[in-house]
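Colleague: What follows is a structure written as structure tokens; I'll ask about it next.
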Amino acid sequence: MDWEQNVMHHIGNTRSSSKRDHLLHTPDAFVRAALPGMQKAAAIVHAAPAMGAAFTQYTAEMEQGGTLGQASGSRFLYVLEGSLRAGGRGVTAGQYVYHPPDSGFAVAAAQPSRVVVIEKDYLALPQQDPPKLFFGDEANVTPYGLEGDTWLNVRQLLPADQAFDFAVNTMTYQPGATLPNVEIHVMEHGLLMLAGSGIYRLGDDWYPVSAGDFIWMGPYCPQWFGALGKTPAKYLIYKDWNRHPLASRGK
Ligand code: UGY
Ligand code: MN
């Protein structure tokens with residue numbers, strides 16, 4: 001433990017902040033525990049119904065040969081480090097898998113790995129089948145500039161198909177780039193900072209954030225980001241998507 005960490009821990013300080021409509025979860029506050037079915041692996045649960053989220057997001061840290069348990073609902077996996085065997089295929093850093101509910105398959109780490117895991121109860125559309133199993137590679141996704149801003153590149157990782165009830169995107173900001181406006185929307189977000197740093201506005205608070213930090217934004221949480229530093233800032237962001245606001249009430 002270095003000097004700075006030591007002081008941080010001993011005086012009870014953290015950059016983390018848990019509010020009604022948002023959570024900043026920083027690595028100094030992470031707690032690891034195995035979920036049912038996990039072997040040689042542990043989960044850092046960042047977002048869950050227990051704090052008001054309608055989905056679950058955790059980082060799985062897996063030893064070589066480690067496994068995940070069964071998914072609850074549909075599941076999205078994005079490999080941060082290492083490589084997995086999932087659904088009979090190899091999935092390495094920057095690659096990802098979506099599988100629909102009730103079609104889970106074994107996930108094992110081919111080497112020590114860190115993986116983003118997002119799970120959600122699937123909201124079906126009337127007369128439409130759920131999406132099929134989907135494998136993707138971020139390197140093959142063509143970016144577009146948000147509202148034409150070429151300093152802010154968005155990569156939509158899942159197909160533009162309304163059968164999907166959530167989206168997962170990466171957003172890469174050149175230093176100095178910002179969201180064009182403070183957003184306030186019904187969708188919630190789970191966000192993992194993958195690179196760089198910046199300032200996140202959440203509600204009426206402003207937080208310095210950097211790679212490794214997680215943020216949950218509840219519905220209607222005011223949000224804005226500006227990238228700081230000399231290298232691009234990048235995050236992976238979940239949002240519920242493609243459903244009527246009354247859909248979760250069975251409408
Ligand atoms: O897709 C989004 O809502 C995204 N622009 N939000 C965000 O980056 N906080
Ligand atoms: Mn948003």
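We name chains A, B, ... following the order of the structure tokens; residues begin at 1 in each chain, and ligands are numbered from 1 as shown.
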Would you list the residues that come within 12 Å of ligand 2? Count only C-alpha atoms and all ligand atoms and give the answer as an NGL selection string.
Modeller: :A and (146 or 167-169 or 171 or 179-191 or 200-202 or 215-225 or 236-241)
Colleague: Keeping C-alpha atoms for every residue in the selection just given, could you write it to a file as a PDB file, in the first residue's frame?
Modeller:
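So out_13.pdb came out as:
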```
ATOM      1  CA  LEU A 146     -22.163  12.814 -31.447  1.00  0.00           C
ATOM      2  CA  ALA A 167     -27.823  -0.323 -25.676  1.00  0.00           C
ATOM      3  CA  VAL A 168     -24.141  -0.438 -24.781  1.00  0.00           C
ATOM      4  CA  ASN A 169     -21.897   2.146 -26.402  1.00  0.00           C
ATOM      5  CA  MET A 171     -17.811   7.182 -26.086  1.00  0.00           C
ATOM      6  CA  LEU A 179     -21.287  16.503 -24.023  1.00  0.00           C
ATOM      7  CA  PRO A 180     -23.132  19.208 -25.989  1.00  0.00           C
ATOM      8  CA  ASN A 181     -25.683  19.793 -23.213  1.00  0.00           C
ATOM      9  CA  VAL A 182     -26.690  18.718 -19.737  1.00  0.00           C
ATOM     10  CA  GLU A 183     -28.828  15.662 -20.463  1.00  0.00           C
ATOM     11  CA  ILE A 184     -31.915  14.781 -18.431  1.00  0.00           C
ATOM     12  CA  HIS A 185     -33.668  11.635 -19.623  1.00  0.00           C
ATOM     13  CA  VAL A 186     -35.844   8.751 -18.520  1.00  0.00           C
ATOM     14  CA  MET A 187     -33.185   6.132 -19.296  1.00  0.00           C
ATOM     15  CA  GLU A 188     -30.675   5.119 -16.648  1.00  0.00           C
ATOM     16  CA  HIS A 189     -26.960   4.505 -17.227  1.00  0.00           C
ATOM     17  CA  GLY A 190     -24.196   2.262 -15.977  1.00  0.00           C
ATOM     18  CA  LEU A 191     -20.854   3.754 -16.978  1.00  0.00           C
ATOM     19  CA  TYR A 200     -18.709  14.439 -14.510  1.00  0.00           C
ATOM     20  CA  ARG A 201     -21.677  16.520 -13.500  1.00  0.00           C
ATOM     21  CA  LEU A 202     -24.286  14.315 -11.784  1.00  0.00           C
ATOM     22  CA  ILE A 215     -20.986   5.727 -12.345  1.00  0.00           C
ATOM     23  CA  TRP A 216     -24.673   4.844 -12.072  1.00  0.00           C
ATOM     24  CA  MET A 217     -27.125   7.517 -13.220  1.00  0.00           C
ATOM     25  CA  GLY A 218     -30.763   6.955 -12.324  1.00  0.00           C
ATOM     26  CA  PRO A 219     -33.679   8.105 -14.508  1.00  0.00           C
ATOM     27  CA  TYR A 220     -33.712  11.905 -14.952  1.00  0.00           C
ATOM     28  CA  CYS A 221     -30.317  12.388 -13.269  1.00  0.00           C
ATOM     29  CA  PRO A 222     -28.872  15.573 -14.831  1.00  0.00           C
ATOM     30  CA  GLN A 223     -25.585  14.605 -16.483  1.00  0.00           C
ATOM     31  CA  TRP A 224     -22.721  16.217 -18.355  1.00  0.00           C
ATOM     32  CA  PHE A 225     -19.079  15.299 -19.010  1.00  0.00           C
ATOM     33  CA  LEU A 236     -18.421   2.207 -21.784  1.00  0.00           C
ATOM     34  CA  ILE A 237     -22.060   3.173 -21.177  1.00  0.00           C
ATOM     35  CA  TYR A 238     -25.239   1.093 -20.738  1.00  0.00           C
ATOM     36  CA  LYS A 239     -28.712   2.501 -21.192  1.00  0.00           C
ATOM     37  CA  ASP A 240     -32.182   0.981 -21.273  1.00  0.00           C
ATOM     38  CA  TRP A 241     -33.471   1.550 -24.777  1.00  0.00           C
TER      39      TRP A 241
END
```
Colleague: What lies within 10 Å of stretch 123-127 of chain A using only C-alpha atoms, ignoring chain neighbours under 5 positions off, as a ChimeraX atom specification?
Modeller: /A:73-74,101,162-166,242-244,247-248,250
Colleague: With only C-alpha atoms as the counted atoms, please give the residues lying no more than 8 Å from stretch 56-63 of chain A, apart from itself and same-chain residues fewer than 4 positions off, as a ChimeraX atom specification.
Modeller: /A:40-49,67,109,111-120,190
Colleague: Would you save the residues from that selection as an mmCIF file, in the first residue's frame, using N, CA, C and O atoms?
Modeller:
```cif
data_model
loop_
_atom_site.group_PDB
_atom_site.id
_atom_site.type_symbol
_atom_site.label_atom_id
_atom_site.label_comp_id
_atom_site.auth_asym_id
_atom_site.auth_seq_id
_atom_site.Cartn_x
_atom_site.Cartn_y
_atom_site.Cartn_z
ATOM 1 N N LYS A 40 -13.278 -19.553 -8.802
ATOM 2 C CA LYS A 40 -12.011 -18.838 -9.067
ATOM 3 C C LYS A 40 -12.306 -17.471 -9.705
ATOM 4 O O LYS A 40 -11.692 -17.079 -10.695
ATOM 5 N N ALA A 41 -13.294 -16.794 -9.161
ATOM 6 C CA ALA A 41 -13.704 -15.496 -9.695
ATOM 7 C C ALA A 41 -14.450 -14.729 -8.607
ATOM 8 O O ALA A 41 -14.981 -15.334 -7.674
ATOM 9 N N ALA A 42 -14.459 -13.412 -8.745
ATOM 10 C CA ALA A 42 -15.200 -12.576 -7.794
ATOM 11 C C ALA A 42 -15.852 -11.434 -8.555
ATOM 12 O O ALA A 42 -15.405 -11.055 -9.645
ATOM 13 N N ALA A 43 -16.917 -10.890 -7.957
ATOM 14 C CA ALA A 43 -17.651 -9.794 -8.596
ATOM 15 C C ALA A 43 -17.557 -8.539 -7.743
ATOM 16 O O ALA A 43 -17.632 -8.609 -6.514
ATOM 17 N N ILE A 44 -17.384 -7.405 -8.415
ATOM 18 C CA ILE A 44 -17.561 -6.098 -7.763
ATOM 19 C C ILE A 44 -18.892 -5.590 -8.300
ATOM 20 O O ILE A 44 -18.986 -5.204 -9.477
ATOM 21 N N VAL A 45 -19.917 -5.634 -7.477
ATOM 22 C CA VAL A 45 -21.254 -5.262 -7.960
ATOM 23 C C VAL A 45 -21.393 -3.740 -7.859
ATOM 24 O O VAL A 45 -21.396 -3.172 -6.769
ATOM 25 N N HIS A 46 -21.492 -3.098 -9.012
ATOM 26 C CA HIS A 46 -21.547 -1.632 -9.059
ATOM 27 C C HIS A 46 -22.980 -1.109 -9.039
ATOM 28 O O HIS A 46 -23.241 -0.034 -8.514
ATOM 29 N N ALA A 47 -23.868 -1.818 -9.709
ATOM 30 C CA ALA A 47 -25.257 -1.344 -9.829
ATOM 31 C C ALA A 47 -26.186 -2.532 -9.683
ATOM 32 O O ALA A 47 -25.917 -3.602 -10.238
ATOM 33 N N ALA A 48 -27.257 -2.350 -8.925
ATOM 34 C CA ALA A 48 -28.169 -3.458 -8.641
ATOM 35 C C ALA A 48 -29.504 -2.888 -8.189
ATOM 36 O O ALA A 48 -29.582 -1.718 -7.773
ATOM 37 N N PRO A 49 -30.574 -3.688 -8.240
ATOM 38 C CA PRO A 49 -31.872 -3.201 -7.763
ATOM 39 C C PRO A 49 -31.822 -2.685 -6.329
ATOM 40 O O PRO A 49 -32.585 -1.791 -5.964
ATOM 41 N N THR A 67 -14.782 -19.387 -13.601
ATOM 42 C CA THR A 67 -16.048 -19.419 -14.342
ATOM 43 C C THR A 67 -17.069 -18.459 -13.724
ATOM 44 O O THR A 67 -16.994 -18.136 -12.534
ATOM 45 N N ALA A 109 -12.585 -18.354 -18.024
ATOM 46 C CA ALA A 109 -11.444 -17.497 -18.361
ATOM 47 C C ALA A 109 -10.294 -18.349 -18.893
ATOM 48 O O ALA A 109 -9.847 -19.282 -18.223
ATOM 49 N N GLN A 111 -7.412 -17.078 -19.509
ATOM 50 C CA GLN A 111 -6.267 -16.502 -18.791
ATOM 51 C C GLN A 111 -6.846 -15.512 -17.779
ATOM 52 O O GLN A 111 -8.040 -15.227 -17.832
ATOM 53 N N PRO A 112 -6.043 -14.992 -16.846
ATOM 54 C CA PRO A 112 -6.618 -14.051 -15.881
ATOM 55 C C PRO A 112 -7.328 -12.918 -16.629
ATOM 56 O O PRO A 112 -6.762 -12.341 -17.563
ATOM 57 N N SER A 113 -8.551 -12.625 -16.229
ATOM 58 C CA SER A 113 -9.376 -11.713 -17.025
ATOM 59 C C SER A 113 -10.197 -10.791 -16.139
ATOM 60 O O SER A 113 -10.550 -11.140 -15.010
ATOM 61 N N ARG A 114 -10.506 -9.627 -16.697
ATOM 62 C CA ARG A 114 -11.470 -8.707 -16.076
ATOM 63 C C ARG A 114 -12.554 -8.440 -17.101
ATOM 64 O O ARG A 114 -12.253 -8.106 -18.259
ATOM 65 N N VAL A 115 -13.798 -8.560 -16.664
ATOM 66 C CA VAL A 115 -14.924 -8.543 -17.609
ATOM 67 C C VAL A 115 -16.055 -7.681 -17.063
ATOM 68 O O VAL A 115 -16.405 -7.775 -15.878
ATOM 69 N N VAL A 116 -16.636 -6.839 -17.926
ATOM 70 C CA VAL A 116 -17.860 -6.114 -17.574
ATOM 71 C C VAL A 116 -19.030 -7.056 -17.793
ATOM 72 O O VAL A 116 -19.160 -7.646 -18.871
ATOM 73 N N VAL A 117 -19.888 -7.204 -16.777
ATOM 74 C CA VAL A 117 -21.068 -8.057 -16.912
ATOM 75 C C VAL A 117 -22.309 -7.207 -16.618
ATOM 76 O O VAL A 117 -22.409 -6.584 -15.555
ATOM 77 N N ILE A 118 -23.227 -7.170 -17.586
ATOM 78 C CA ILE A 118 -24.493 -6.435 -17.422
ATOM 79 C C ILE A 118 -25.620 -7.444 -17.599
ATOM 80 O O ILE A 118 -25.628 -8.202 -18.576
ATOM 81 N N GLU A 119 -26.539 -7.468 -16.649
ATOM 82 C CA GLU A 119 -27.671 -8.400 -16.727
ATOM 83 C C GLU A 119 -28.968 -7.639 -16.485
ATOM 84 O O GLU A 119 -28.997 -6.691 -15.685
ATOM 85 N N LYS A 120 -30.005 -8.062 -17.186
ATOM 86 C CA LYS A 120 -31.277 -7.338 -17.113
ATOM 87 C C LYS A 120 -32.426 -8.291 -17.393
ATOM 88 O O LYS A 120 -32.303 -9.160 -18.262
ATOM 89 N N GLY A 190 -25.338 2.804 -16.709
ATOM 90 C CA GLY A 190 -24.196 2.262 -15.977
ATOM 91 C C GLY A 190 -22.973 2.599 -16.802
ATOM 92 O O GLY A 190 -22.957 2.325 -18.015
#
```
Colleague: Name the closest residue to A:Arg89 among the candidates A:Phe135, A:Phe55, A:Phe76, A:Tyr207; distances are taken between atoms, counting only C-alpha atoms.
Modeller: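 Among the listed residues, the smallest separation from A:Arg89 belongs to A:Phe135.
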Colleague: Just asking: which residues within stretch 48-123 of chain A are strand (DSSP E) according to DSSP, as JSON, numbers by chain?
Modeller: {"A": [56, 57, 58, 59, 60, 61, 62, 63, 64, 65, 66, 67, 74, 75, 76, 77, 78, 79, 80, 81, 83, 84, 85, 86, 89, 90, 91, 92, 95, 96, 97, 98, 99, 107, 108, 109, 113, 114, 115, 116, 117, 118, 119, 120]}
Colleague: Report, in Å with one decimal, the straight-line distance from atom CA of A:Tyr98 to atom CA of A:Val209.
Modeller: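 Pair atom CA of A:Tyr98 / atom CA of A:Val209 returns 27.9 Å.
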Colleague: Identify which of the residues A:His25, A:Arg75, A:Lys132, A:Lys19 lies closest to A:Gly212, counting only C-alpha atoms when measuring atom-to-atom distances.
Modeller: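 Looking at the shortest contact to A:Gly212, the residue is A:His25.
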Colleague: Within 12 Å of A:Val91, counting only C-alpha atoms, which residues qualify if same-chain residues fewer than 4 places away don't, as a compact mmCIF listing (two decimals) with all heavy atoms, in the first residue's frame?
Modeller:
```txt
# COMPACT_ATOMS: atom_id res chain seq x y z
N LEU A 77 -21.52 -9.25 -22.00
CA LEU A 77 -20.16 -9.36 -21.47
C LEU A 77 -19.22 -8.55 -22.35
O LEU A 77 -19.29 -8.66 -23.58
CB LEU A 77 -19.67 -10.81 -21.53
CG LEU A 77 -20.45 -11.88 -20.79
CD1 LEU A 77 -19.90 -13.26 -21.16
CD2 LEU A 77 -20.30 -11.66 -19.29
N TYR A 78 -18.36 -7.75 -21.76
CA TYR A 78 -17.34 -6.99 -22.52
C TYR A 78 -16.01 -7.25 -21.83
O TYR A 78 -15.86 -6.98 -20.63
CB TYR A 78 -17.70 -5.51 -22.49
CG TYR A 78 -16.69 -4.57 -23.14
CD1 TYR A 78 -16.85 -4.15 -24.46
CD2 TYR A 78 -15.59 -4.09 -22.43
CE1 TYR A 78 -15.95 -3.28 -25.06
CE2 TYR A 78 -14.69 -3.21 -23.02
CZ TYR A 78 -14.87 -2.81 -24.33
OH TYR A 78 -13.98 -1.94 -24.91
N VAL A 79 -15.06 -7.78 -22.57
CA VAL A 79 -13.78 -8.16 -21.96
C VAL A 79 -12.87 -6.92 -21.88
O VAL A 79 -12.59 -6.26 -22.88
CB VAL A 79 -13.09 -9.29 -22.76
CG1 VAL A 79 -11.74 -9.63 -22.14
CG2 VAL A 79 -13.98 -10.52 -22.79
N LEU A 80 -12.45 -6.61 -20.64
CA LEU A 80 -11.54 -5.49 -20.41
C LEU A 80 -10.09 -5.93 -20.56
O LEU A 80 -9.25 -5.20 -21.10
CB LEU A 80 -11.74 -4.93 -18.99
CG LEU A 80 -13.11 -4.33 -18.67
CD1 LEU A 80 -13.28 -4.15 -17.17
CD2 LEU A 80 -13.28 -3.00 -19.40
N GLU A 81 -9.81 -7.12 -20.02
CA GLU A 81 -8.44 -7.66 -20.00
C GLU A 81 -8.54 -9.17 -20.03
O GLU A 81 -9.45 -9.73 -19.40
CB GLU A 81 -7.78 -7.32 -18.64
CG GLU A 81 -6.90 -6.11 -18.61
CD GLU A 81 -6.47 -5.86 -17.16
OE1 GLU A 81 -6.00 -6.81 -16.51
OE2 GLU A 81 -6.64 -4.72 -16.72
N GLY A 82 -7.59 -9.82 -20.72
CA GLY A 82 -7.55 -11.27 -20.71
C GLY A 82 -8.38 -11.86 -21.84
O GLY A 82 -8.61 -11.19 -22.87
N SER A 83 -8.83 -13.09 -21.66
CA SER A 83 -9.67 -13.70 -22.69
C SER A 83 -10.55 -14.79 -22.09
O SER A 83 -10.19 -15.42 -21.10
CB SER A 83 -8.81 -14.27 -23.84
OG SER A 83 -8.08 -15.37 -23.39
N LEU A 84 -11.72 -14.95 -22.72
CA LEU A 84 -12.73 -15.89 -22.23
C LEU A 84 -13.02 -16.94 -23.30
O LEU A 84 -12.82 -16.71 -24.49
CB LEU A 84 -14.06 -15.15 -21.98
CG LEU A 84 -14.10 -13.99 -21.03
CD1 LEU A 84 -15.53 -13.44 -20.97
CD2 LEU A 84 -13.63 -14.41 -19.65
N ARG A 85 -13.58 -18.07 -22.82
CA ARG A 85 -14.30 -18.99 -23.71
C ARG A 85 -15.76 -18.82 -23.36
O ARG A 85 -16.15 -18.98 -22.20
CB ARG A 85 -13.90 -20.45 -23.46
CG ARG A 85 -12.49 -20.82 -23.84
CD ARG A 85 -12.18 -20.77 -25.31
NE ARG A 85 -13.01 -21.64 -26.15
CZ ARG A 85 -13.01 -21.61 -27.48
NH1 ARG A 85 -12.26 -20.74 -28.13
NH2 ARG A 85 -13.77 -22.45 -28.16
N ALA A 86 -16.55 -18.39 -24.32
CA ALA A 86 -17.98 -18.13 -24.05
C ALA A 86 -18.77 -18.63 -25.25
O ALA A 86 -18.46 -18.25 -26.39
CB ALA A 86 -18.21 -16.64 -23.85
N GLY A 87 -19.76 -19.48 -25.00
CA GLY A 87 -20.57 -19.99 -26.10
C GLY A 87 -19.72 -20.68 -27.16
O GLY A 87 -20.03 -20.61 -28.35
N GLN A 95 -13.68 -7.23 -27.18
CA GLN A 95 -14.75 -8.02 -27.80
C GLN A 95 -15.87 -8.25 -26.78
O GLN A 95 -15.65 -8.11 -25.58
CB GLN A 95 -14.19 -9.35 -28.31
CG GLN A 95 -13.11 -9.11 -29.36
CD GLN A 95 -12.55 -10.41 -29.92
OE1 GLN A 95 -12.52 -11.44 -29.26
NE2 GLN A 95 -12.09 -10.34 -31.17
N TYR A 96 -17.05 -8.62 -27.28
CA TYR A 96 -18.20 -8.71 -26.38
C TYR A 96 -19.21 -9.72 -26.90
O TYR A 96 -19.18 -10.12 -28.06
CB TYR A 96 -18.84 -7.33 -26.19
CG TYR A 96 -19.14 -6.60 -27.48
CD1 TYR A 96 -20.38 -6.69 -28.10
CD2 TYR A 96 -18.15 -5.83 -28.10
CE1 TYR A 96 -20.64 -6.02 -29.29
CE2 TYR A 96 -18.40 -5.17 -29.30
CZ TYR A 96 -19.65 -5.27 -29.88
OH TYR A 96 -19.89 -4.63 -31.07
N VAL A 97 -20.10 -10.13 -26.00
CA VAL A 97 -21.14 -11.11 -26.30
C VAL A 97 -22.44 -10.64 -25.67
O VAL A 97 -22.44 -10.16 -24.53
CB VAL A 97 -20.85 -12.48 -25.63
CG1 VAL A 97 -21.78 -13.54 -26.19
CG2 VAL A 97 -19.42 -12.89 -25.75
N TYR A 98 -23.53 -10.79 -26.39
CA TYR A 98 -24.88 -10.61 -25.81
C TYR A 98 -25.59 -11.94 -25.92
O TYR A 98 -25.57 -12.57 -26.97
CB TYR A 98 -25.67 -9.56 -26.61
CG TYR A 98 -27.14 -9.51 -26.22
CD1 TYR A 98 -27.58 -8.65 -25.24
CD2 TYR A 98 -28.06 -10.36 -26.84
CE1 TYR A 98 -28.92 -8.63 -24.86
CE2 TYR A 98 -29.40 -10.34 -26.46
CZ TYR A 98 -29.82 -9.48 -25.48
OH TYR A 98 -31.14 -9.46 -25.11
N VAL A 107 -19.19 -19.72 -19.24
CA VAL A 107 -18.19 -18.67 -19.49
C VAL A 107 -16.99 -19.00 -18.61
O VAL A 107 -17.12 -19.07 -17.39
CB VAL A 107 -18.74 -17.28 -19.12
CG1 VAL A 107 -17.68 -16.21 -19.34
CG2 VAL A 107 -20.00 -16.96 -19.93
N ALA A 108 -15.83 -19.22 -19.23
CA ALA A 108 -14.63 -19.57 -18.48
C ALA A 108 -13.48 -18.68 -18.94
O ALA A 108 -13.42 -18.28 -20.12
CB ALA A 108 -14.27 -21.03 -18.71
N ALA A 109 -12.59 -18.35 -18.02
CA ALA A 109 -11.44 -17.50 -18.36
C ALA A 109 -10.29 -18.35 -18.89
O ALA A 109 -9.85 -19.28 -18.22
CB ALA A 109 -11.00 -16.72 -17.12
N ALA A 110 -9.82 -18.03 -20.11
CA ALA A 110 -8.69 -18.76 -20.69
C ALA A 110 -7.38 -18.27 -20.09
O ALA A 110 -6.35 -18.93 -20.17
CB ALA A 110 -8.68 -18.57 -22.20
N GLN A 111 -7.41 -17.08 -19.51
CA GLN A 111 -6.27 -16.50 -18.79
C GLN A 111 -6.85 -15.51 -17.78
O GLN A 111 -8.04 -15.23 -17.83
CB GLN A 111 -5.30 -15.82 -19.75
CG GLN A 111 -5.93 -14.74 -20.59
CD GLN A 111 -5.00 -14.23 -21.68
OE1 GLN A 111 -5.08 -14.64 -22.83
NE2 GLN A 111 -4.10 -13.34 -21.31
N SER A 113 -8.55 -12.63 -16.23
CA SER A 113 -9.38 -11.71 -17.02
C SER A 113 -10.20 -10.79 -16.14
O SER A 113 -10.55 -11.14 -15.01
CB SER A 113 -10.35 -12.51 -17.90
OG SER A 113 -9.65 -13.36 -18.78
N ARG A 114 -10.51 -9.63 -16.70
CA ARG A 114 -11.47 -8.71 -16.08
C ARG A 114 -12.55 -8.44 -17.10
O ARG A 114 -12.25 -8.11 -18.26
CB ARG A 114 -10.79 -7.40 -15.65
CG ARG A 114 -9.85 -7.59 -14.46
CD ARG A 114 -9.49 -6.27 -13.79
NE ARG A 114 -9.18 -5.27 -14.78
CZ ARG A 114 -9.84 -4.13 -14.90
NH1 ARG A 114 -10.85 -3.83 -14.10
NH2 ARG A 114 -9.47 -3.26 -15.83
N VAL A 115 -13.80 -8.56 -16.66
CA VAL A 115 -14.92 -8.54 -17.61
C VAL A 115 -16.06 -7.68 -17.06
O VAL A 115 -16.41 -7.77 -15.88
CB VAL A 115 -15.46 -9.99 -17.80
CG1 VAL A 115 -16.52 -10.03 -18.89
CG2 VAL A 115 -14.34 -10.96 -18.10
N PHE A 134 -25.31 -12.75 -29.86
CA PHE A 134 -24.55 -11.82 -30.71
C PHE A 134 -23.12 -11.68 -30.19
O PHE A 134 -22.90 -11.41 -29.01
CB PHE A 134 -25.24 -10.45 -30.70
CG PHE A 134 -24.59 -9.46 -31.61
CD1 PHE A 134 -24.89 -9.43 -32.97
CD2 PHE A 134 -23.64 -8.56 -31.13
CE1 PHE A 134 -24.27 -8.53 -33.82
CE2 PHE A 134 -23.02 -7.64 -31.97
CZ PHE A 134 -23.34 -7.64 -33.33
N PHE A 135 -22.15 -11.88 -31.08
CA PHE A 135 -20.74 -11.66 -30.75
C PHE A 135 -20.26 -10.43 -31.52
O PHE A 135 -20.59 -10.28 -32.69
CB PHE A 135 -19.88 -12.85 -31.20
CG PHE A 135 -20.04 -14.08 -30.36
CD1 PHE A 135 -21.07 -14.98 -30.61
CD2 PHE A 135 -19.17 -14.34 -29.31
CE1 PHE A 135 -21.23 -16.12 -29.83
CE2 PHE A 135 -19.32 -15.48 -28.52
CZ PHE A 135 -20.36 -16.36 -28.78
N GLY A 136 -19.49 -9.57 -30.88
CA GLY A 136 -18.99 -8.38 -31.58
C GLY A 136 -17.58 -8.03 -31.16
O GLY A 136 -17.05 -8.55 -30.17
N ASP A 137 -16.99 -7.14 -31.94
CA ASP A 137 -15.63 -6.66 -31.68
C ASP A 137 -15.65 -5.14 -31.88
O ASP A 137 -15.99 -4.67 -32.97
CB ASP A 137 -14.67 -7.32 -32.68
CG ASP A 137 -13.22 -7.00 -32.37
OD1 ASP A 137 -12.95 -5.96 -31.70
OD2 ASP A 137 -12.35 -7.77 -32.79
N GLU A 138 -15.32 -4.43 -30.82
CA GLU A 138 -15.38 -2.96 -30.90
C GLU A 138 -14.53 -2.43 -32.07
O GLU A 138 -14.90 -1.42 -32.69
CB GLU A 138 -14.90 -2.36 -29.57
CG GLU A 138 -15.21 -0.89 -29.48
CD GLU A 138 -14.62 -0.23 -28.26
OE1 GLU A 138 -14.12 -0.94 -27.36
OE2 GLU A 138 -14.65 1.00 -28.24
```
Colleague: When you draw a straight line from atom 3 (O, counted along the ligand's line) of ligand 1 to atom CA of A:His22, how long is it in Å?
Modeller: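 About the pair atom 3 (O, counted along the ligand's line) of ligand 1 and atom CA of A:His22: they are 14.3 Å apart.
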Colleague: I'd like to know which of A:Asp205, A:Asp213, A:Asp161, A:Glu147 is closest to ligand 1, using only C-alpha atoms and all ligand atoms.
Modeller: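 Using only C-alpha atoms and all ligand atoms, the shortest distance to ligand 1 belongs to A:Glu147.
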Colleague: Just the helix (DSSP H, G or I) stuff from stretch 11-225 of chain A, please, per backbone DSSP, written as a ChimeraX atom specification.
Modeller: /A:27-29,49-51,138-140
Colleague: Could you please take those selected residues and save N, CA and C atoms as a PDB file, in the first residue's frame?
Modeller:
```
ATOM      1  N   PRO A  27     -12.380   2.858  -7.241  1.00  0.00           N
ATOM      2  CA  PRO A  27     -11.727   1.591  -6.887  1.00  0.00           C
ATOM      3  C   PRO A  27     -11.373   1.454  -5.406  1.00  0.00           C
ATOM      4  N   ASP A  28     -11.091   2.547  -4.702  1.00  0.00           N
ATOM      5  CA  ASP A  28     -10.736   2.439  -3.274  1.00  0.00           C
ATOM      6  C   ASP A  28     -11.907   1.923  -2.430  1.00  0.00           C
ATOM      7  N   ALA A  29     -13.136   1.987  -2.975  1.00  0.00           N
ATOM      8  CA  ALA A  29     -14.316   1.559  -2.204  1.00  0.00           C
ATOM      9  C   ALA A  29     -14.864   0.203  -2.676  1.00  0.00           C
ATOM     10  N   PRO A  49     -30.574  -3.688  -8.240  1.00  0.00           N
ATOM     11  CA  PRO A  49     -31.872  -3.201  -7.763  1.00  0.00           C
ATOM     12  C   PRO A  49     -31.822  -2.685  -6.329  1.00  0.00           C
ATOM     13  N   ALA A  50     -30.886  -3.210  -5.524  1.00  0.00           N
ATOM     14  CA  ALA A  50     -30.783  -2.769  -4.126  1.00  0.00           C
ATOM     15  C   ALA A  50     -30.561  -1.260  -4.010  1.00  0.00           C
ATOM     16  N   MET A  51     -29.980  -0.634  -5.040  1.00  0.00           N
ATOM     17  CA  MET A  51     -29.763   0.824  -4.978  1.00  0.00           C
ATOM     18  C   MET A  51     -30.657   1.572  -5.952  1.00  0.00           C
ATOM     19  N   GLU A 138     -15.316  -4.428 -30.822  1.00  0.00           N
ATOM     20  CA  GLU A 138     -15.380  -2.964 -30.901  1.00  0.00           C
ATOM     21  C   GLU A 138     -14.535  -2.433 -32.066  1.00  0.00           C
ATOM     22  N   ALA A 139     -13.440  -3.119 -32.361  1.00  0.00           N
ATOM     23  CA  ALA A 139     -12.536  -2.655 -33.424  1.00  0.00           C
ATOM     24  C   ALA A 139     -13.246  -2.629 -34.784  1.00  0.00           C
ATOM     25  N   ASN A 140     -14.333  -3.389 -34.914  1.00  0.00           N
ATOM     26  CA  ASN A 140     -15.050  -3.435 -36.196  1.00  0.00           C
ATOM     27  C   ASN A 140     -16.252  -2.495 -36.245  1.00  0.00           C
TER      28      ASN A 140
END
```
Colleague: Quick one: distance from atom CA of A:Leu23 to atom CA of A:Leu192 in Å, one decimal?
Modeller: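 Pair atom CA of A:Leu23 / atom CA of A:Leu192 returns 11.7 Å.
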Colleague: Using only C-alpha atoms and all ligand atoms for the distances, tell me which of A:Gly226, A:Pro143, A:Gly66, A:Pro131 is nearest to ligand 1.
Modeller: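 Of A:Gly226, A:Pro143, A:Gly66, A:Pro131, the one nearest ligand 1, counting only C-alpha atoms and all ligand atoms, is A:Gly226.
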